[in-house]
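J.: Please see the structure below; I have some questions.
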Amino acid sequence: MSRVFVYGSLLRGMENHPVMEDCEFLCVTRTRAEFQMLDLGRYPAVISGTSSVVGEVYRVDPGALARLDVFERVPELYVRKKTMLDDGMPAWIYIYNTSNQDVDSLVHCPKVPLGDWADWKQGR
C-alpha cells in the first residue's frame with residue numbers, strides 16, 4: 001500500500017473525486033514549502049517553488065496507483081514523485097511535467113497563493 005497526496009480535482013467534493021472511491025481517505029494535510037500551485041482552468045498544476053500545497057492523503061493499493069497514473073497521464077502531463085508532507089510522512093504527489101509542456105505558457109496562469117485548490121475554486 002502507498003500513500004498518495006491529492007490537491008486538485010480528485011479532492012472530496014470535486015468533479016473527479018469518484019476516481020478515488022476505492023482508496024482509503026486518511027487525512028487533510030499540506031506539503032512542505034517546496035511547490036507552487038498554478039490554476040490551469042479546470043484543474044491545478046503543481047511545480048517546484050517555495051510554497052506549501054493543501055490536500056488530502058489516501059492509502060492506495062498498487063492497482064489504484066496504476067489507475068491514478070493513467071488518470072494523471074503520467075509521464076506526458078504529470079510525473080509521480082515522493083514528497084515529504086508537513087507531518088514528516090512521505091507520500092506520492094503528481095507534479096506537472098514541465099519538461100513535456102510549454103513552460104512559457106505557465107507564466108500566464110494565475111498562481112494559487114495559499115496552495116489550496118478547494119478554497120481558490122470557491123473564491124472564483
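Each chain in the C-alpha cells gets a letter, A, B and so on, in the order shown; residues start at 1 in every chain, and ligands are counted from 1 in the order they appear.
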Hey, could you make a per-residue contact list for stretch 47-113 of chain A against stretch 24-38 of chain A with 6 Å as the cut-off, showing the nearest pair of atoms and its distance in Å to one decimal, counting only C-alpha atoms, sorted by chain and number, as a Markdown table?
T.:
```
| residue | atom | partner | partner_atom | distance |
| --- | --- | --- | --- | --- |
| A:Ile47 | CA | A:Gln36 | CA | 5.3 |
| A:Ser48 | CA | A:Phe35 | CA | 4.4 |
| A:Gly49 | CA | A:Phe35 | CA | 3.9 |
| A:Thr50 | CA | A:Glu34 | CA | 4.5 |
| A:Ser51 | CA | A:Ala33 | CA | 4.2 |
| A:Ser52 | CA | A:Ala33 | CA | 4.0 |
| A:Val53 | CA | A:Arg30 | CA | 5.3 |
| A:Val54 | CA | A:Arg30 | CA | 4.3 |
| A:Gly55 | CA | A:Thr29 | CA | 5.7 |
| A:Glu56 | CA | A:Val28 | CA | 4.4 |
| A:Val57 | CA | A:Cys27 | CA | 5.4 |
| A:Tyr58 | CA | A:Phe25 | CA | 4.5 |
| A:Arg59 | CA | A:Glu24 | CA | 5.0 |
| A:Leu85 | CA | A:Thr31 | CA | 4.2 |
| A:Asp86 | CA | A:Arg32 | CA | 5.0 |
| A:Pro110 | CA | A:Leu38 | CA | 5.8 |
| A:Lys111 | CA | A:Leu38 | CA | 4.5 |
| A:Val112 | CA | A:Met37 | CA | 5.3 |
```
J.: Grab the atom CA of A:Arg12 to atom CA of A:Leu77 distance for me, in Å with one decimal place.
T.: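 Answer for the atom CA of A:Arg12 to atom CA of A:Leu77 separation: 22.2 Å.
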J.: Could you please determine the separation between atom CA of A:Asp69 and atom CA of A:Met14 in Å, to one decimal place?
T.: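 Going from atom CA of A:Asp69 over to atom CA of A:Met14, I get 18.4 Å.
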J.: Can you measure atom CA of A:Val6 to atom CA of A:Asp22 for me? One decimal in Å is fine.
T.: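 Going from atom CA of A:Val6 over to atom CA of A:Asp22, I get 14.3 Å.
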J.: Residues within 12 Å of A:Gly63, please, as a list in words. Count only C-alpha atoms; anything in the same chain fewer than 2 positions from it doesn't count.
T.: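 Listed by chain and then number, they are Met1, Ser2, Met20, Asp22, Cys23, Arg59, Val60, Asp61, Leu65, Ala66, Arg67, Leu68, Asp69 and Val70 of chain A.
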J.: Extract the full set of helix (DSSP H, G or I) residues from chain A according to DSSP on the backbone, and format it as a VMD selection string.
T.: chain A and resid 17 to 20 62 to 71 103 to 106 117 to 123
J.: Those same residues, written as a PDB file, in the first residue's frame with C-alpha atoms?
T.:
```
ATOM      1  CA  HIS A  17     -13.229  12.546  -6.795  1.00  0.00           C
ATOM      2  CA  PRO A  18     -15.043   9.349  -7.916  1.00  0.00           C
ATOM      3  CA  VAL A  19     -11.633   8.205  -9.227  1.00  0.00           C
ATOM      4  CA  MET A  20     -10.645   7.895  -5.537  1.00  0.00           C
ATOM      5  CA  PRO A  62      -0.914  -0.973  -6.469  1.00  0.00           C
ATOM      6  CA  GLY A  63      -3.892  -1.264  -8.839  1.00  0.00           C
ATOM      7  CA  ALA A  64      -5.316   2.083  -7.743  1.00  0.00           C
ATOM      8  CA  LEU A  65      -1.882   3.689  -8.072  1.00  0.00           C
ATOM      9  CA  ALA A  66      -1.623   2.404 -11.647  1.00  0.00           C
ATOM     10  CA  ARG A  67      -5.123   3.796 -12.420  1.00  0.00           C
ATOM     11  CA  LEU A  68      -4.121   7.172 -10.947  1.00  0.00           C
ATOM     12  CA  ASP A  69      -1.033   7.206 -13.161  1.00  0.00           C
ATOM     13  CA  VAL A  70      -3.276   6.690 -16.198  1.00  0.00           C
ATOM     14  CA  PHE A  71      -5.755   9.342 -14.989  1.00  0.00           C
ATOM     15  CA  VAL A 103       6.731  26.253 -19.834  1.00  0.00           C
ATOM     16  CA  ASP A 104       6.380  29.783 -21.238  1.00  0.00           C
ATOM     17  CA  SER A 105       2.581  29.395 -21.166  1.00  0.00           C
ATOM     18  CA  LEU A 106       2.711  28.786 -17.391  1.00  0.00           C
ATOM     19  CA  TRP A 117      -7.408  24.482  -4.704  1.00  0.00           C
ATOM     20  CA  ALA A 118     -10.794  23.990  -2.991  1.00  0.00           C
ATOM     21  CA  ASP A 119     -10.598  27.413  -1.337  1.00  0.00           C
ATOM     22  CA  TRP A 120      -9.391  29.030  -4.571  1.00  0.00           C
ATOM     23  CA  LYS A 121     -12.242  27.498  -6.613  1.00  0.00           C
ATOM     24  CA  GLN A 122     -14.862  28.745  -4.122  1.00  0.00           C
ATOM     25  CA  GLY A 123     -13.469  32.279  -4.371  1.00  0.00           C
TER      26      GLY A 123
END
```
J.: Between A:Val46, A:Ile93, A:Val79, A:Met84, which has the minimum distance to A:Pro113 (counting only C-alpha atoms)?
T.: A:Val46
J.: When DSSP works through the backbone of this structure, what residues of chain A end up as strand (DSSP E or B), shown as a PDB file with C-alpha atoms, in the first residue's frame?
T.:
```
ATOM      1  CA  SER A   2       1.120   3.540  -0.752  1.00  0.00           C
ATOM      2  CA  ARG A   3       0.139   6.987   0.443  1.00  0.00           C
ATOM      3  CA  VAL A   4      -0.915   9.472  -2.255  1.00  0.00           C
ATOM      4  CA  PHE A   5      -1.363  13.203  -1.740  1.00  0.00           C
ATOM      5  CA  VAL A   6      -4.039  14.778  -3.975  1.00  0.00           C
ATOM      6  CA  GLU A  24      -8.936   4.978   1.829  1.00  0.00           C
ATOM      7  CA  PHE A  25      -9.062   8.616   2.937  1.00  0.00           C
ATOM      8  CA  LEU A  26      -6.516   9.235   5.695  1.00  0.00           C
ATOM      9  CA  CYS A  27      -6.337  12.969   6.414  1.00  0.00           C
ATOM     10  CA  VAL A  28      -6.188  16.560   5.243  1.00  0.00           C
ATOM     11  CA  THR A  29      -2.677  17.994   5.376  1.00  0.00           C
ATOM     12  CA  ARG A  30      -0.185  20.059   3.449  1.00  0.00           C
ATOM     13  CA  THR A  31       3.164  19.582   1.827  1.00  0.00           C
ATOM     14  CA  PHE A  35       5.959  23.822  -4.517  1.00  0.00           C
ATOM     15  CA  GLN A  36       3.892  26.408  -6.375  1.00  0.00           C
ATOM     16  CA  MET A  37       0.280  25.771  -7.415  1.00  0.00           C
ATOM     17  CA  LEU A  38      -0.979  27.220 -10.701  1.00  0.00           C
ATOM     18  CA  ASP A  39      -4.550  27.452 -11.987  1.00  0.00           C
ATOM     19  CA  PRO A  44      -4.326  22.882 -10.985  1.00  0.00           C
ATOM     20  CA  ALA A  45      -0.696  22.193 -11.698  1.00  0.00           C
ATOM     21  CA  VAL A  46       1.933  21.921  -9.002  1.00  0.00           C
ATOM     22  CA  ILE A  47       5.512  22.782  -9.922  1.00  0.00           C
ATOM     23  CA  SER A  48       8.682  23.416  -7.931  1.00  0.00           C
ATOM     24  CA  SER A  51       5.024  27.338  -1.030  1.00  0.00           C
ATOM     25  CA  VAL A  54      -3.089  21.826   0.846  1.00  0.00           C
ATOM     26  CA  GLY A  55      -4.588  18.443   0.018  1.00  0.00           C
ATOM     27  CA  GLU A  56      -5.759  15.038   1.131  1.00  0.00           C
ATOM     28  CA  VAL A  57      -3.843  11.824   1.728  1.00  0.00           C
ATOM     29  CA  TYR A  58      -5.194   8.443   0.655  1.00  0.00           C
ATOM     30  CA  ARG A  59      -3.968   4.899   1.124  1.00  0.00           C
ATOM     31  CA  VAL A  60      -3.967   3.192  -2.270  1.00  0.00           C
ATOM     32  CA  TYR A  78       2.317  14.788 -14.802  1.00  0.00           C
ATOM     33  CA  VAL A  79       5.083  12.837 -13.118  1.00  0.00           C
ATOM     34  CA  ARG A  80       4.666  10.992  -9.844  1.00  0.00           C
ATOM     35  CA  LYS A  81       7.314  11.639  -7.218  1.00  0.00           C
ATOM     36  CA  LYS A  82       7.806  11.132  -3.499  1.00  0.00           C
ATOM     37  CA  THR A  83       7.486  14.147  -1.249  1.00  0.00           C
ATOM     38  CA  MET A  84       7.536  14.737   2.460  1.00  0.00           C
ATOM     39  CA  LEU A  85       4.349  16.106   3.928  1.00  0.00           C
ATOM     40  CA  PRO A  90       6.281  10.537   2.767  1.00  0.00           C
ATOM     41  CA  ALA A  91       3.621  10.332   0.066  1.00  0.00           C
ATOM     42  CA  TRP A  92       3.392  10.269  -3.706  1.00  0.00           C
ATOM     43  CA  ILE A  93       2.398  13.543  -5.380  1.00  0.00           C
ATOM     44  CA  TYR A  94       1.683  14.306  -9.037  1.00  0.00           C
ATOM     45  CA  ILE A  95       3.850  17.168 -10.305  1.00  0.00           C
ATOM     46  CA  TYR A  96       3.197  18.939 -13.597  1.00  0.00           C
ATOM     47  CA  LYS A 111      -0.837  31.427  -9.037  1.00  0.00           C
TER      48      LYS A 111
END
```
